[in-house]
Structure formats: structure tokens, C-alpha cells
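Right, one structure below, let's go through it.
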Amino acid sequence: MRQSKLFTKTRKEVPADETSKNAELLIRGGFIHKEMAGVYSYLPLGLRVLKKIEGIIRDEMNRVGGIEMKTSILQDKEIWEKTNRWSDDEVDIWFKTKLKNGGEVGLSWSNEENFANILKQYVSSYKDLPLYLYDFKDILRNETRSKSGILRGREFYWKALYSFSRNEAEHNNFYERMKVAYQDIFKRVGIGHVTYLTFASGGAFSKYSHEFQTLTSAGEDTIYVSEDKAMAINKEVLEEEVLTSLGLEKDKLVEHRAIEVGNIFTLGVSKPEALGLSYADKDGEKNYVFMGSYGIGLGRLMGTIVEALSDDKGMVWPESVAPFSVHLLVLGADEEVLREANKIYESMIKDGVEVLFDDRSDVSAGEKFSDADLLGMPYRAVVSARSLKENGIELKKRTEEKGKIVSETELMNLLKAKS
RNA sequence: CGGGCCGUAGUAUAUCGGUUGUACAAGUGCUUUGGGAGCAUUUAGGCUGGGUUCGACUCCCAGCGGCCCGACCA
């Protein structure tokens with residue numbers, strides 16, 4: 001895309017009403033727009049990142065046998081009453097509203113009831129199971145305090161997968177596969193090195209309940225990391241008994257602030273019992289479906305990537321989730337330079353390279369460099385009188401200090417391999 | 001939900017109980033083009049409601065809104 005057509009502009013000033021790094025940088029770069037506390041719109045650049053993350057998660061979910069669908073935002077009160085989660089005394093984050101006919105409906109803050117209720121109509125035999133269903137969805141939660149930019153909002157986009165197994169053994173088997181899939185997701189979006197499988201509520205007594213925590217000072221949780229075992233334990237369950245059962249030594253644990261980027265846990269049969277989701281086994285005996293729940297907040301994940309990987313000049317996007325793979329800059333107003341830059345841009349587009357072309361004619365070189373640093377594309381390619389004189393294009397990784405001159409062919413081969 | 005801080009142009013910041021100043025952004029003209037350019041010129045502002053006062057953006061009260069700390073987070 002041509003930057004001259006990108007309506008969002010970068011800002012030099014940090015917003016006065018945001019102090020978290022993720023919000024400061026994402027707003028300065030024009031990735032998101034704040035609507036109100038805890039509510040953000042995604043602008044073109046931000047949406048591209050969100051979609052990249054979504055693609056990676058979808059890929060991993062499909063790999064473990066997940067089937068994508070989409071559940072509704074408006075929620076039927078009756079279903080939630082069956083599981084005792086309608087009352088504000090039980091769930092204090094509901095947004096609720098009224099229908100014209102006077103009926104009361106809720107706005108979706110979670111999904112278990114939706115999925116389980118739908119399956120009542122389609123699952124009746126052991127032959128129908130297991131099922132692994134997921135959706136991407138906007139979730140609304142009336143948080144008492146939203147905070148830290150897009151790390152905790154009142155409205156956010158998430159992926160939720162629910163597993164419906166015949167029994168606990170079958171569930172546990174799938175659970176282990178999800179654990180690996182989640183680790184793969186966090187690796188693929190570039191924060192694997194700072195993300196830890198973490199034991200939280202349930203701890204030793206619920207072998208199958210885990211958080212994935214990413215180290216960042218902006219985090220809401222305190223966790224204790226055991227580097228040698230590559231796992232961590234949440235402060236809330238830091239007890240002798242739990243440590244022993246996990247084989248962790250207290251003096252090897254290091255305290256960190258961290259943000260929960262994903263969690264997976266065993267639900268069991270309680271919701272299927274409450275909602276009447278059962279199946280007949282081989283002997284015709286009635287059994288309740290065994291459920292598991294697996295969630296990731298995509299906006300929070302995007303914010304966490306910013307928190308974890310940015311430097312003092314701006315964002316640093318991993319290639320897997322960057323809005324564009326390369327930021328092409330043209331410097332100066334020399335006609336030959338402009339012609340060359342446009343030619344390179346056109347051939348990138350033709351080859352399917354995701355490129356942001358800074359073709360703005362009224363912007364100084366320094367400002368283009370600063371914008372490129374702030375926006376954080378993995379590669380920066382500069383076309384100028386200087387690069388032309390050296391018969392090439394200056395290519396620099398966002399993570400490197402200095403660039404080097406490469407030929408157009410080299411550049412295209414490198415970028416095509418990435419696309 | 002408890003506590004603290006705050007609310008002035010699109011953004012970021014000043015001053016002041018008596019015509020709100022500056023920077024960036026934006027418009028126009030000229031110059032400039034390898035690390036957020038220069039000159040000239042233009043546009044644009046006191047959250048809402050009440051009170052005190054001759055006069056309130058400034059002081060007081062209430063509301064609304066924002067950030068932070070804590071509590072909460074299936």
C-alpha cells in the first residue's frame with residue numbers, strides 16, 4: 001500500500017491519557033484508536049496485525065482438528081440460568097440489555113454455554129464425538145477497571161475453542177495436544193522465548209489447567225519462573241505442596257511480572273449436566289460429554305507483542321505478524337529516483353510482497369526514517385540518489401543498526417521467499 | 001468497588017480572578033530533502049451544569065470523562 005493513501009498519521013507526542021507502552025506506541029503509530037476507557041477501534045495497520053495473528057491461531061487450531069464456526073453475541077438468559085451464570089451475583093461482568101418486547105438478553109462475555117447448547121441438537125451418540133469447535137469473536141465484559149491499553153479492555157477479540165470428549169482420558173489426550181499447539185502459537189507470533197507454561201488456580205490438584213504467561217512489566221500477574229524446567233507457577237498457588245507435586249525447587253524460582261496471553265483448562269461434565277448435553281455409549285448407556293476450554297485474547301496478544309519486543313524507537317514486529325513485510329522508502333524528489341522506486345514497488349506488488357511504500361513527496365528523509373522505526377516493519381528498503389549511485393537498494397532489518405546495499409534481484413528473492 | 005492524580009485547539013503543554021500563550025499537526029506561498037527542515041501567513045481551544053463574584057478557564061459544589069495503585073479477573 002502507498003503511504004500517501006494511508007489516512008492514519010504517526011504522532012510524535014505520546015497520548016496524555018495512556019501510560020502503557022503498548023497503547024502509546026500503537027496509538028502513536030496509528031494502529032488503534034481509543035473510543036473510551038478499555039475500548040479501542042482497530043485502524044488499517046492494527047487490523048492487519050490482528051488478522052495475521054488470527055491466521056496463525058486458525059492454522060494451529062485446524063491442525064489439532066478444530067472446526068471453526070461463529071456463535072452469537074446476544075445471549076439467551078434461559079441458557080445461562082441453567083448453569084447459574086446469569087445472575088449478577090454470580091457473574092459481575094455482564095452487559096445486559098432489553099429487547100423491544102421486554103425480554104432481557106446478555107451480551108456475550110464467554111462461550112461455553114453457547115457451544116454446549118448448540119451441540120445438544122447434534123450430539124446423541126458416542127459416534128458423534130469427540131468434537132473440537134472454536135470461534136473468533138468480539139467479547140464484551142463490564143470490567144470494573146480496564147487498564148494497560150489493549151491488555152485489558154471492556155471489548156476485545158478472542159478465540160475460544162471447546163473440546164467435547166467422550167470421557168476424561170480422551171479429554172486429557174487432547175488437552176496435551178492443545179498445550180503444544182498453544183506453545184507453537186506463541187512461538188510463531190514471536191514471543192515464545194518470554195512465554196511460560198504456568199500453573200495457576202487448581203495447581204497440583206487440577207493437572208489440566210494452565211496459563212500461558214508472557215514476561216512483561218505491564219503484566220497483571222506475578223509468576224515464579226523455573227528457568228531449567230521452562231515452566232512457571234502463579235503466585236496465587238505458590239505453596240510448598242504445589243511446588244513439591246510439580247517437582248519445582250523454591251530457591252530456583254525467579255519472580256517476574258507477566259501477562260496471561262492464553263489459558264487452557266478442564267471443564268469436565270458440569271455444564272453438559274446442567275444443560276443436558278449427553279450421548280449414548282456403545283452399550284446404550286447415557287453419559288455426559290466431557291468439556292475443555294481453551295482461550296486466547298488476540299488484542300491482548302498484539303499488545304503483549306508490542307510490550308515484549310519494542311525498543312526506544314518504536315515497535316518491532318516479527319515477520320509473522322507484521323502489517324507489511326517491508327517498508328519501502330523513497331528519498332528526495334529526483335525523477336529518476338522516483339521512477340526507480342515506483343518500479344520496485346510495482347514489481348513487489350506483482351510478486352505478492354506485502355509492502356508499505358512511503359511515497360510521500362512532502363516528507364523529509366528524517367521523518368520517513370523515524371516513521372519506519374516507529375511502525376516497525378521487519379525490513380526497511382531505501383531508494384535514493386545515494387543507493388542508485390551504488391546500483392542497488394539499501395536494505396536494513398528493523399533490529400539492525402546499519403543497512404547494506406543489495407541488488408534489486410537479491411531484494412526480490414529475499415522478500416518473495418517471505419511471502 | 002476503595003484510594004490518588006487529572007480534564008485548555010486535531011495532538012502535547014503553559015500562564016492568569018480582567019481579550020488564553022507556545023510547539024507539533026493542518027491550509028497557502030517560497031526555499032529545503034540521509035535521521036522528526038526554514039521563513040512568512042492562516043485556521044483552530046477552556047468537559048457539562050450550578051454557585052461565589054462587577055467579572056470565572058482560573059475559586060467552590062455536583063455530574064460526566066480519563067489515567068494510576070489496590071481489590072476483582074469463571
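The chains in the C-alpha cells are called A, B, ... from first to last as shown; in each chain the residues are counted from 1, and the ligands are counted from 1 in the order shown.
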Could I get the residues of chain B with an atom no further than 10 Å from an atom of chain A, each paired with its nearest atom pair and that distance in Å to one decimal, using only C-alpha atoms (C1' of nucleotides), sorted by chain and residue number, as a tab-separated table?
```
residue	atom	partner	partner_atom	distance
B:C1	C1'	A:Thr144	CA	7.7
B:C6	C1'	A:Asp17	CA	9.3
B:U11	C1'	A:Glu13	CA	6.9
B:A12	C1'	A:Glu13	CA	6.0
B:C24	C1'	A:Lys12	CA	7.8
B:A25	C1'	A:Arg11	CA	8.6
B:U32	C1'	A:Ser364	CA	9.0
B:U33	C1'	A:Gly332	CA	5.2
B:G34	C1'	A:Ala365	CA	6.0
B:G35	C1'	A:Gly366	CA	4.0
B:G36	C1'	A:Glu367	CA	4.4
B:A37	C1'	A:Ser364	CA	7.3
B:G65	C1'	A:Met36	CA	8.8
B:G66	C1'	A:Asp17	CA	6.1
B:C67	C1'	A:Asp17	CA	5.6
B:C68	C1'	A:Thr19	CA	8.7
B:C72	C1'	A:Thr144	CA	7.9
B:C73	C1'	A:Glu143	CA	8.5
B:A74	C1'	A:Val91	CA	8.2
```
Exercise. Compile the contact shell of B:C30 as a ChimeraX atom specification: residues with an atom at most 12 Å away, counting only C-alpha atoms (C1' of nucleotides), same-chain residues fewer than 4 positions apart removed.
Key: /B:38-41
Compile the contact shell of stretch 314-326 of chain A as an mmCIF file with C-alpha atoms, in the first residue's frame: residues with an atom at most 7 Å away, counting only C-alpha atoms (C1' of nucleotides), same-chain residues fewer than 2 positions apart removed.
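Written out: part-v6.cif:
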```cif
data_model
loop_
_atom_site.group_PDB
_atom_site.id
_atom_site.type_symbol
_atom_site.label_atom_id
_atom_site.label_comp_id
_atom_site.auth_asym_id
_atom_site.auth_seq_id
_atom_site.Cartn_x
_atom_site.Cartn_y
_atom_site.Cartn_z
ATOM 1 C CA LEU A 25 3.137 3.014 20.556
ATOM 2 C CA LEU A 45 -2.305 -1.185 10.290
ATOM 3 C CA ARG A 48 -3.509 -6.224 9.549
ATOM 4 C CA VAL A 49 -1.619 -7.385 12.642
ATOM 5 C CA LYS A 52 -2.073 -12.131 10.910
ATOM 6 C CA ILE A 53 -2.409 -13.327 14.483
ATOM 7 C CA ARG A 188 5.080 -18.283 15.852
ATOM 8 C CA VAL A 189 3.972 -14.791 16.880
ATOM 9 C CA GLY A 190 7.447 -14.109 18.223
ATOM 10 C CA VAL A 306 4.456 -4.677 21.467
ATOM 11 C CA LEU A 309 9.564 -6.588 21.517
ATOM 12 C CA SER A 310 9.590 -2.800 21.141
ATOM 13 C CA ASP A 311 12.646 -0.627 21.567
ATOM 14 C CA ASP A 312 13.073 3.069 22.288
ATOM 15 C CA LEU A 328 9.923 0.824 1.062
ATOM 16 C CA GLU A 354 3.384 -7.154 1.333
ATOM 17 C CA VAL A 355 4.889 -3.706 1.094
ATOM 18 C CA LEU A 356 4.202 -0.315 2.595
ATOM 19 C CA ASP A 373 11.292 2.845 13.079
ATOM 20 C CA LEU A 374 8.039 3.615 14.860
ATOM 21 C CA LEU A 375 5.860 1.461 12.612
ATOM 22 C CA GLY A 376 8.339 -1.384 12.900
ATOM 23 C CA MET A 377 8.168 -3.386 9.674
ATOM 24 C CA PRO A 378 10.794 -6.163 9.718
ATOM 25 C CA TYR A 379 12.654 -4.748 6.717
ATOM 26 C CA ARG A 380 13.314 -1.239 5.507
ATOM 27 C CA ALA A 381 14.311 -0.724 1.883
ATOM 28 C CA ARG A 398 14.414 -3.254 11.931
#
```
Practice problem: Would you mind listing what lies within 12 Å of B:G50 as a list of chain:residue names, with only C-alpha atoms (C1' of nucleotides) counted and same-chain residues fewer than 4 positions away left out? | Solution: B:C60, B:C61, B:A62, B:G63
How would the residues just chosen look if you wrote them out with N, CA and C atoms (P, O5', C5', C4', C3', O3' and C1' of nucleotides) as a tab-separated table (two decimals), in the first residue's frame?
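The resulting file, out22.tsv, is shown below:
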```tsv
chain	number	residue	atom	x	y	z
B	60	C	P	-11.32	25.14	44.64
B	60	C	O5'	-12.82	25.33	45.14
B	60	C	C5'	-13.10	25.65	46.50
B	60	C	C4'	-14.60	25.63	46.70
B	60	C	C3'	-15.29	24.35	46.24
B	60	C	O3'	-15.21	23.32	47.21
B	60	C	C1'	-16.48	26.23	45.42
B	61	C	P	-15.24	21.79	46.71
B	61	C	O5'	-16.76	21.59	46.29
B	61	C	C5'	-17.79	21.64	47.26
B	61	C	C4'	-19.14	21.45	46.60
B	61	C	C3'	-19.27	20.24	45.69
B	61	C	O3'	-19.50	19.04	46.41
B	61	C	C1'	-20.19	22.12	44.61
B	62	A	P	-19.01	17.65	45.78
B	62	A	O5'	-20.07	17.42	44.61
B	62	A	C5'	-21.44	17.16	44.92
B	62	A	C4'	-22.27	17.18	43.66
B	62	A	C3'	-21.85	16.20	42.58
B	62	A	O3'	-22.31	14.89	42.81
B	62	A	C1'	-22.24	18.31	41.62
B	63	G	P	-21.49	13.64	42.22
B	63	G	O5'	-21.80	13.74	40.66
B	63	G	C5'	-23.12	13.49	40.17
B	63	G	C4'	-23.23	13.90	38.73
B	63	G	C3'	-22.35	13.13	37.76
B	63	G	O3'	-22.92	11.89	37.40
B	63	G	C1'	-22.17	15.44	37.31
```
Self-check item: Within 12 Å of stretch 171-182 of chain A using only C-alpha atoms (C1' of nucleotides), minus same-chain residues under 5 positions, as a ChimeraX atom specification
Solution: /A:56-66,129-132,159,161-166,187-189,191-192,195-198,206-213,261-269,289-296
Limited to C-alpha atoms, could you put the picked residues into a file as a PDB file, in the first residue's frame?
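Contents of out33.pdb, freshly written:
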```pdb
ATOM      1  CA  ILE A  56      -1.716 -18.250  12.864  1.00  0.00           C
ATOM      2  CA  ILE A  57      -4.181 -19.261  15.569  1.00  0.00           C
ATOM      3  CA  ARG A  58      -6.647 -20.611  12.998  1.00  0.00           C
ATOM      4  CA  ASP A  59      -3.889 -22.631  11.421  1.00  0.00           C
ATOM      5  CA  GLU A  60      -2.909 -24.197  14.732  1.00  0.00           C
ATOM      6  CA  MET A  61      -6.498 -24.863  15.734  1.00  0.00           C
ATOM      7  CA  ASN A  62      -7.215 -26.584  12.447  1.00  0.00           C
ATOM      8  CA  ARG A  63      -4.049 -28.616  12.875  1.00  0.00           C
ATOM      9  CA  VAL A  64      -5.363 -30.198  16.086  1.00  0.00           C
ATOM     10  CA  GLY A  65      -8.698 -30.928  14.456  1.00  0.00           C
ATOM     11  CA  GLY A  66     -10.575 -27.791  15.391  1.00  0.00           C
ATOM     12  CA  LEU A 129     -17.643 -37.423  19.447  1.00  0.00           C
ATOM     13  CA  PRO A 130     -15.091 -36.081  20.049  1.00  0.00           C
ATOM     14  CA  LEU A 131     -15.617 -32.572  18.652  1.00  0.00           C
ATOM     15  CA  TYR A 132     -13.318 -29.582  18.828  1.00  0.00           C
ATOM     16  CA  LYS A 159     -10.502 -17.150  20.021  1.00  0.00           C
ATOM     17  CA  LEU A 161     -12.072 -23.444  21.470  1.00  0.00           C
ATOM     18  CA  TYR A 162     -14.109 -26.003  23.363  1.00  0.00           C
ATOM     19  CA  SER A 163     -13.375 -29.683  23.323  1.00  0.00           C
ATOM     20  CA  PHE A 164     -16.193 -32.177  23.661  1.00  0.00           C
ATOM     21  CA  SER A 165     -14.836 -35.582  24.577  1.00  0.00           C
ATOM     22  CA  ARG A 166     -16.419 -38.886  25.496  1.00  0.00           C
ATOM     23  CA  LYS A 187       6.487 -19.155  19.249  1.00  0.00           C
ATOM     24  CA  ARG A 188       5.080 -18.283  15.852  1.00  0.00           C
ATOM     25  CA  VAL A 189       3.972 -14.791  16.880  1.00  0.00           C
ATOM     26  CA  ILE A 191       7.121 -14.246  21.998  1.00  0.00           C
ATOM     27  CA  GLY A 192       7.920 -17.896  22.632  1.00  0.00           C
ATOM     28  CA  THR A 195       6.248 -17.065  27.403  1.00  0.00           C
ATOM     29  CA  TYR A 196       5.922 -19.749  30.053  1.00  0.00           C
ATOM     30  CA  LEU A 197       3.534 -22.564  30.662  1.00  0.00           C
ATOM     31  CA  THR A 198       2.258 -21.580  34.088  1.00  0.00           C
ATOM     32  CA  SER A 206      -6.008 -29.900  38.638  1.00  0.00           C
ATOM     33  CA  LYS A 207      -3.289 -31.299  36.466  1.00  0.00           C
ATOM     34  CA  TYR A 208      -5.104 -29.953  33.469  1.00  0.00           C
ATOM     35  CA  SER A 209      -5.336 -26.211  33.978  1.00  0.00           C
ATOM     36  CA  HIS A 210      -2.651 -23.939  32.640  1.00  0.00           C
ATOM     37  CA  GLU A 211      -1.968 -20.329  31.843  1.00  0.00           C
ATOM     38  CA  PHE A 212       0.490 -19.099  29.283  1.00  0.00           C
ATOM     39  CA  GLN A 213       2.246 -16.111  30.794  1.00  0.00           C
ATOM     40  CA  VAL A 261      -1.819 -14.441  26.947  1.00  0.00           C
ATOM     41  CA  GLY A 262      -3.729 -17.682  26.930  1.00  0.00           C
ATOM     42  CA  ASN A 263      -5.232 -20.270  29.157  1.00  0.00           C
ATOM     43  CA  ILE A 264      -6.432 -23.809  28.851  1.00  0.00           C
ATOM     44  CA  PHE A 265      -8.435 -25.711  31.380  1.00  0.00           C
ATOM     45  CA  THR A 266     -10.572 -28.695  32.041  1.00  0.00           C
ATOM     46  CA  LEU A 267     -14.267 -28.033  32.459  1.00  0.00           C
ATOM     47  CA  GLY A 268     -15.477 -31.575  32.999  1.00  0.00           C
ATOM     48  CA  VAL A 269     -19.124 -32.571  32.831  1.00  0.00           C
ATOM     49  CA  VAL A 289     -19.935 -35.018  27.478  1.00  0.00           C
ATOM     50  CA  PHE A 290     -16.567 -34.041  28.972  1.00  0.00           C
ATOM     51  CA  MET A 291     -15.565 -30.468  28.163  1.00  0.00           C
ATOM     52  CA  GLY A 292     -12.367 -28.449  27.992  1.00  0.00           C
ATOM     53  CA  SER A 293     -11.867 -24.756  27.325  1.00  0.00           C
ATOM     54  CA  TYR A 294      -9.029 -23.001  25.505  1.00  0.00           C
ATOM     55  CA  GLY A 295      -8.875 -19.234  25.056  1.00  0.00           C
ATOM     56  CA  ILE A 296      -6.608 -16.570  23.622  1.00  0.00           C
TER      57      ILE A 296
END
```
Quiz item: For the atom pair atom CA of A:Glu410 and atom CA of A:Lys350, what is the interatomic distance in Å to one decimal place?
Solution: 16.2 Å
Practice problem: Give the strand (DSSP E or B) residues of stretch 41-185 of chain A, as assigned by DSSP on the backbone, as an MDAnalysis selection string. | Solution: chainID A and resid 41:42 67:68 74:76 95:98 104:107 125 131:140 147 152 155:165
Atoms to include: C-alpha atoms. Write the selected residues as a PDB file, in the first residue's frame.
```pdb
ATOM      1  CA  SER A  41     -11.040   0.514  17.282  1.00  0.00           C
ATOM      2  CA  TYR A  42      -8.531  -1.145  15.014  1.00  0.00           C
ATOM      3  CA  ILE A  67     -13.633 -26.780  13.376  1.00  0.00           C
ATOM      4  CA  GLU A  68     -14.405 -23.100  13.050  1.00  0.00           C
ATOM      5  CA  LEU A  74     -26.743 -11.753  22.041  1.00  0.00           C
ATOM      6  CA  GLN A  75     -27.223 -14.355  24.717  1.00  0.00           C
ATOM      7  CA  ASP A  76     -30.355 -16.154  25.807  1.00  0.00           C
ATOM      8  CA  PHE A  95     -23.503  -6.270  29.916  1.00  0.00           C
ATOM      9  CA  LYS A  96     -27.250  -6.789  29.699  1.00  0.00           C
ATOM     10  CA  THR A  97     -29.879  -5.091  27.620  1.00  0.00           C
ATOM     11  CA  LYS A  98     -33.594  -5.297  26.784  1.00  0.00           C
ATOM     12  CA  GLU A 104     -33.782  -9.419  28.701  1.00  0.00           C
ATOM     13  CA  VAL A 105     -30.684 -10.512  26.815  1.00  0.00           C
ATOM     14  CA  GLY A 106     -26.994 -10.579  27.646  1.00  0.00           C
ATOM     15  CA  LEU A 107     -24.019  -9.576  25.553  1.00  0.00           C
ATOM     16  CA  SER A 125     -24.179 -40.962  20.135  1.00  0.00           C
ATOM     17  CA  LEU A 131     -15.617 -32.572  18.652  1.00  0.00           C
ATOM     18  CA  TYR A 132     -13.318 -29.582  18.828  1.00  0.00           C
ATOM     19  CA  LEU A 133     -15.144 -26.383  17.976  1.00  0.00           C
ATOM     20  CA  TYR A 134     -13.901 -22.848  18.018  1.00  0.00           C
ATOM     21  CA  ASP A 135     -14.738 -19.319  17.062  1.00  0.00           C
ATOM     22  CA  PHE A 136     -13.227 -15.869  16.832  1.00  0.00           C
ATOM     23  CA  LYS A 137     -15.499 -13.363  18.460  1.00  0.00           C
ATOM     24  CA  ASP A 138     -15.865  -9.911  19.922  1.00  0.00           C
ATOM     25  CA  ILE A 139     -16.367 -10.287  23.648  1.00  0.00           C
ATOM     26  CA  LEU A 140     -17.877  -7.700  25.978  1.00  0.00           C
ATOM     27  CA  LYS A 147      -6.186  -0.969  32.153  1.00  0.00           C
ATOM     28  CA  ARG A 152      -7.382  -5.470  29.468  1.00  0.00           C
ATOM     29  CA  GLU A 155     -14.437  -5.125  24.485  1.00  0.00           C
ATOM     30  CA  PHE A 156     -11.960  -7.482  22.902  1.00  0.00           C
ATOM     31  CA  TYR A 157     -11.498 -10.054  20.174  1.00  0.00           C
ATOM     32  CA  TRP A 158     -10.782 -13.596  21.202  1.00  0.00           C
ATOM     33  CA  LYS A 159     -10.502 -17.150  20.021  1.00  0.00           C
ATOM     34  CA  ALA A 160     -12.228 -19.740  22.122  1.00  0.00           C
ATOM     35  CA  LEU A 161     -12.072 -23.444  21.470  1.00  0.00           C
ATOM     36  CA  TYR A 162     -14.109 -26.003  23.363  1.00  0.00           C
ATOM     37  CA  SER A 163     -13.375 -29.683  23.323  1.00  0.00           C
ATOM     38  CA  PHE A 164     -16.193 -32.177  23.661  1.00  0.00           C
ATOM     39  CA  SER A 165     -14.836 -35.582  24.577  1.00  0.00           C
TER      40      SER A 165
END
```
